[in-house]
$ cat input.txt   # compact mmCIF, C-alpha atoms and all ligand atoms
# COMPACT_ATOMS: atom_id res chain seq x y z
CA MET A 29 -173.78 -45.28 68.97
CA GLY A 30 -173.70 -41.46 69.63
CA ARG A 31 -171.21 -38.96 68.21
CA ASP A 32 -168.26 -38.07 70.44
CA PRO A 33 -169.09 -34.60 71.94
CA ASP A 34 -165.37 -33.75 71.87
CA LEU A 35 -165.38 -34.08 68.08
CA GLY A 36 -168.10 -31.44 67.75
CA ARG A 37 -166.21 -29.08 70.06
CA ARG A 38 -163.01 -29.61 68.08
CA ASP A 39 -164.82 -28.85 64.78
CA PHE A 40 -166.18 -25.64 66.28
CA LEU A 41 -162.74 -24.57 67.53
CA ASN A 42 -161.13 -25.33 64.16
CA THR A 43 -163.74 -23.26 62.33
CA ALA A 44 -163.46 -20.37 64.79
CA THR A 45 -159.67 -20.37 64.52
CA THR A 46 -159.83 -20.29 60.70
CA LEU A 47 -162.30 -17.40 60.76
CA VAL A 48 -160.19 -15.36 63.17
CA ALA A 49 -157.03 -15.99 61.12
CA GLY A 50 -158.83 -14.92 57.93
CA ALA A 51 -160.10 -11.74 59.53
CA GLY A 52 -156.60 -10.92 60.77
CA LEU A 53 -155.18 -11.36 57.26
CA ALA A 54 -157.82 -9.09 55.75
CA ALA A 55 -157.14 -6.42 58.36
CA ALA A 56 -153.41 -6.55 57.64
CA ALA A 57 -154.02 -6.09 53.91
CA TRP A 58 -156.22 -3.04 54.43
CA PRO A 59 -154.63 -1.02 57.24
CA PHE A 60 -155.76 2.32 55.87
CA ILE A 61 -159.23 1.29 54.87
CA SER A 62 -159.92 -0.42 58.17
CA SER A 63 -158.67 2.50 60.26
CA MET A 64 -160.94 5.04 58.61
CA ASN A 65 -164.52 4.47 57.78
CA PRO A 66 -166.16 7.75 56.81
CA SER A 67 -169.18 7.76 54.53
CA SER A 68 -168.55 7.62 50.78
CA ASN A 69 -169.90 11.19 50.56
CA VAL A 70 -167.27 12.49 52.95
CA LEU A 71 -164.55 10.54 51.15
CA ALA A 72 -165.50 11.93 47.74
CA ARG A 73 -165.17 15.51 49.03
CA ALA A 74 -161.92 14.98 50.91
CA SER A 75 -158.70 16.55 49.71
CA THR A 76 -155.30 16.32 51.38
CA GLU A 77 -152.66 19.05 51.63
CA VAL A 78 -149.04 17.97 52.03
CA ASP A 79 -146.10 20.05 53.29
CA LEU A 80 -143.21 19.06 51.04
CA SER A 81 -140.57 21.13 52.83
CA ASN A 82 -139.66 18.37 55.29
CA ILE A 83 -139.54 15.45 52.85
CA THR A 84 -135.87 14.93 52.10
CA PRO A 85 -134.50 13.63 48.76
CA ALA A 86 -134.97 9.84 48.42
CA GLU A 87 -137.68 9.90 51.13
CA VAL A 88 -141.22 8.62 50.60
CA ARG A 89 -144.00 10.07 52.75
CA THR A 90 -147.25 8.12 52.95
CA VAL A 91 -150.32 10.30 53.43
CA ALA A 92 -153.99 9.38 53.72
CA TRP A 93 -156.31 10.58 50.95
CA GLN A 94 -159.95 9.56 50.73
CA GLY A 95 -159.25 6.49 52.85
CA LYS A 96 -156.33 5.38 50.68
CA PRO A 97 -152.57 5.66 51.13
CA VAL A 98 -150.77 7.97 48.72
CA PHE A 99 -146.99 7.78 48.31
CA VAL A 100 -145.32 11.19 47.94
CA PHE A 101 -141.79 10.41 46.79
CA HIS A 102 -139.04 13.05 46.65
CA ARG A 103 -136.83 11.58 43.92
CA THR A 104 -133.11 12.24 43.55
CA LEU A 105 -131.49 13.32 40.28
CA GLU A 106 -130.13 9.77 39.84
CA GLN A 107 -133.58 8.23 40.32
CA ILE A 108 -135.14 10.71 37.87
CA ALA A 109 -132.46 9.99 35.24
CA ALA A 110 -132.87 6.22 35.63
CA MET A 111 -136.66 6.39 35.25
CA ALA A 112 -136.39 8.62 32.16
CA GLN A 113 -134.44 5.88 30.38
CA SER A 114 -137.23 3.30 30.22
CA LEU A 115 -140.96 2.91 29.70
CA GLY A 116 -141.31 0.32 32.46
CA SER A 117 -142.47 -3.07 31.15
CA ASP A 118 -144.51 -4.28 28.17
CA LYS A 119 -147.46 -4.79 30.51
CA ASP A 120 -148.20 -1.06 30.85
CA PRO A 121 -145.49 0.99 29.11
CA GLU A 122 -145.58 4.66 30.03
CA PRO A 123 -142.95 7.43 29.88
CA ASP A 124 -141.95 8.66 33.31
CA ALA A 125 -142.58 12.24 32.17
CA GLU A 126 -146.30 11.42 31.75
CA ARG A 127 -146.55 10.17 35.33
CA VAL A 128 -145.21 13.26 37.09
CA GLN A 129 -145.89 16.99 37.03
CA ARG A 130 -142.45 17.76 38.45
CA PRO A 131 -139.70 15.16 37.96
CA GLU A 132 -138.55 15.33 41.58
CA TRP A 133 -142.03 14.49 42.95
CA LEU A 134 -143.75 11.18 42.21
CA VAL A 135 -147.29 11.06 43.62
CA VAL A 136 -149.05 7.68 43.33
CA ILE A 137 -151.87 5.83 45.06
CA GLY A 138 -150.20 3.23 47.28
CA LEU A 139 -152.47 0.31 46.47
CA CYS A 140 -151.31 -2.59 44.32
CA THR A 141 -153.35 -2.71 41.11
CA HIS A 142 -153.75 -6.48 41.49
CA LEU A 143 -155.89 -6.84 44.60
CA GLY A 144 -155.17 -3.66 46.53
CA CYS A 145 -152.45 -4.53 49.05
CA VAL A 146 -150.10 -1.76 50.17
CA PRO A 147 -146.68 -2.28 48.49
CA ASN A 148 -143.49 -2.06 50.56
CA ARG A 149 -140.78 0.47 49.76
CA LYS A 150 -137.58 -0.95 48.19
CA PRO A 151 -134.54 0.73 46.57
CA HIS A 152 -135.84 -0.16 43.07
CA GLY A 153 -139.38 1.06 43.85
CA TRP A 154 -142.01 -1.05 45.64
CA ASP A 155 -142.73 -4.76 46.14
CA CYS A 156 -146.22 -6.01 46.89
CA PRO A 157 -146.19 -8.43 49.84
CA CYS A 158 -149.34 -10.25 48.73
CA HIS A 159 -148.46 -11.89 45.39
CA GLY A 160 -145.08 -10.45 44.48
CA SER A 161 -145.80 -7.63 42.05
CA VAL A 162 -142.78 -5.35 41.57
CA TYR A 163 -142.97 -1.62 40.74
CA ASP A 164 -140.18 0.78 39.78
CA ASN A 165 -139.41 4.29 41.03
CA SER A 166 -142.04 5.66 38.67
CA GLY A 167 -144.68 3.33 40.14
CA ARG A 168 -144.71 1.28 36.92
CA ILE A 169 -145.39 -2.42 37.06
CA LEU A 170 -142.27 -4.46 36.21
CA LYS A 171 -143.42 -8.01 37.01
CA GLY A 172 -146.00 -10.01 38.91
CA PRO A 173 -149.78 -10.32 38.56
CA ALA A 174 -150.64 -6.60 38.82
CA PRO A 175 -152.23 -5.56 35.49
CA ARG A 176 -151.14 -1.91 35.39
CA ASN A 177 -148.98 0.81 36.91
CA LEU A 178 -149.82 2.36 40.27
CA ASP A 179 -152.67 4.82 39.79
CA LEU A 180 -152.14 8.58 39.97
CA PRO A 181 -154.44 10.71 42.13
CA PRO A 182 -155.55 14.16 40.91
CA TYR A 183 -153.20 16.76 42.39
CA GLU A 184 -151.63 20.17 41.92
CA PHE A 185 -148.77 22.14 43.43
CA LEU A 186 -150.06 25.11 45.43
CA ALA A 187 -146.49 26.40 45.89
CA ALA A 188 -142.95 25.05 45.62
CA ASP A 189 -143.42 23.20 48.91
CA ARG A 190 -147.20 22.66 49.06
CA LEU A 191 -149.05 19.84 47.35
CA LEU A 192 -152.81 19.45 47.17
CA ILE A 193 -154.20 16.00 46.43
CA LYS A 194 -157.63 16.96 45.20
CA LYS A 195 -161.05 15.43 45.50
CA ALA A 196 -161.58 12.77 42.84
S1 LIG A 201 -152.27 -7.61 45.63
FE1 LIG A 201 -150.30 -7.03 44.96
S2 LIG A 201 -149.59 -8.71 43.86
FE2 LIG A 201 -151.60 -9.31 44.48
$ encode --input "input.txt" --output "structure tokens"
Amino acid sequence: MGRDPDLGRRDFLNTATTLVAGAGLAAAAWPFISSMNPSSNVLARASTEVDLSNITPAEVRTVAWQGKPVFVFHRTLEQIAAMAQSLGSDKDPEPDAERVQRPEWLVVIGLCTHLGCVPNRKPHGWDCPCHGSVYDNSGRILKGPAPRNLDLPPYEFLAADRLLIKKA
């Protein structure tokens, strides 16, 4: 008795559908990485200059730096005061003052330190859509599987309203 040819076709379609769905998920998790694909040499030399003059208080601007998203957050006085009152969580305690050069500007790499998804902006900070890690308005990990606070890129202020995110 021979195998039903429809069964083979169905197996193929099931496998193809699973592969396409998996690829779509991966692309959604890496929107910045997938949209830029320069050589690692070019990436290592790339710096990004940001005009701060049009980022209003409480606004977060996402800029691309070396193929990664960087969140440039113009914090309000209330947000600065709230972040100064805690060290984040026991997982990676860190004073807010050690995470910023100027209290009103938080500059962090916008990739979850668990598996690298891009966290979504929330009033308390950021939530990672992949496995639920929660970060505060200093980019410090509060809960979830992420092992540490959002990473800080190397940067300097060129002027009151000009930021340079430097080559790594
Ligand atoms: S990648 Fe963010 S919680 Fe897993």
$ axis_aligned_box --input "input.txt" --around "ligand LIG 201 (chain A)" --padding-each-side "3 Å" --output "AutoDock Vina command-line options"
--center_x -150.9 --center_y -8.2 --center_z 44.7 --size_x 8.7 --size_y 8.3 --size_z 7.8
$ residues_near_ligand --input "input.txt" --ligand "ligand LIG 201 (chain A)" --cutoff "6 Å" --atoms "all atoms listed in the file" --output "PyMOL selection string"
chain A and resi 140+142-145+156+158-161+173-174
$ closest_residue --input "input.txt" --among "A:Asp164, A:Ala125, A:Pro131, A:Gly95" --to "A:Pro147" --atoms "only C-alpha atoms"
A:Asp164
$ residues_around --input "input.txt" --residues "stretch 167-170 of chain A" --least-positions-apart "3" --cutoff "8 Å" --atoms "all atoms listed in the file" --output "mmCIF file with C-alpha atoms, in the frame of the given file"
data_model
loop_
_atom_site.group_PDB
_atom_site.id
_atom_site.type_symbol
_atom_site.label_atom_id
_atom_site.label_comp_id
_atom_site.auth_asym_id
_atom_site.auth_seq_id
_atom_site.Cartn_x
_atom_site.Cartn_y
_atom_site.Cartn_z
ATOM 1 C CA GLY A 116 -141.310 0.320 32.460
ATOM 2 C CA SER A 117 -142.470 -3.070 31.150
ATOM 3 C CA LYS A 119 -147.460 -4.790 30.510
ATOM 4 C CA ASP A 120 -148.200 -1.060 30.850
ATOM 5 C CA PRO A 121 -145.490 0.990 29.110
ATOM 6 C CA GLU A 122 -145.580 4.660 30.030
ATOM 7 C CA VAL A 136 -149.050 7.680 43.330
ATOM 8 C CA GLY A 153 -139.380 1.060 43.850
ATOM 9 C CA TRP A 154 -142.010 -1.050 45.640
ATOM 10 C CA SER A 161 -145.800 -7.630 42.050
ATOM 11 C CA VAL A 162 -142.780 -5.350 41.570
ATOM 12 C CA TYR A 163 -142.970 -1.620 40.740
ATOM 13 C CA ASP A 164 -140.180 0.780 39.780
ATOM 14 C CA ALA A 174 -150.640 -6.600 38.820
ATOM 15 C CA PRO A 175 -152.230 -5.560 35.490
ATOM 16 C CA ARG A 176 -151.140 -1.910 35.390
ATOM 17 C CA ASN A 177 -148.980 0.810 36.910
ATOM 18 C CA LEU A 178 -149.820 2.360 40.270
#
$ closest_residue --input "input.txt" --among "A:Ser114, A:Thr76, A:Val135, A:Leu186" --to "A:Phe101" --atoms "all atoms listed in the file"
A:Val135
$ closest_residue --input "input.txt" --among "A:Asp118, A:Glu132, A:Asp189, A:Asp179" --to "A:Val88" --atoms "all atoms listed in the file"
A:Glu132
$ atom_distance --input "input.txt" --atom1 "atom CA of A:Arg190" --atom2 "atom CA of A:Pro123"
24.9 Å
$ closest_residue --input "input.txt" --among "A:His102, A:Lys96, A:Lys195, A:Lys171" --to "A:Val128" --atoms "only C-alpha atoms"
A:His102
$ residues_near_point --input "input.txt" --point "(-149.3, 9.5, 57.0)" --cutoff "12 Å" --atoms "only C-alpha atoms" --output "list in words"
Pro59, Phe60, Thr76, Glu77, Val78, Asp79, Val88, Arg89, Thr90, Val91, Ala92, Trp93, Gly95, Lys96, Pro97, Val98, Phe99, Val100 and Gly138 of chain A
$ closest_residue --input "input.txt" --among "A:Ser75, A:Ala110, A:Arg103, A:His152" --to "A:Ala196" --atoms "all atoms listed in the file"
A:Ser75
$ atom_distance --input "input.txt" --atom1 "atom CA of A:Ala187" --atom2 "atom CA of A:Leu115"
29.1 Å
$ atom_distance --input "input.txt" --atom1 "atom CA of A:Pro181" --atom2 "atom CA of A:Glu87"
19.0 Å
$ closest_residue --input "input.txt" --among "A:Asn148, A:Trp133, A:Gln113, A:Gly172" --to "A:Thr84" --atoms "all atoms listed in the file"
A:Trp133
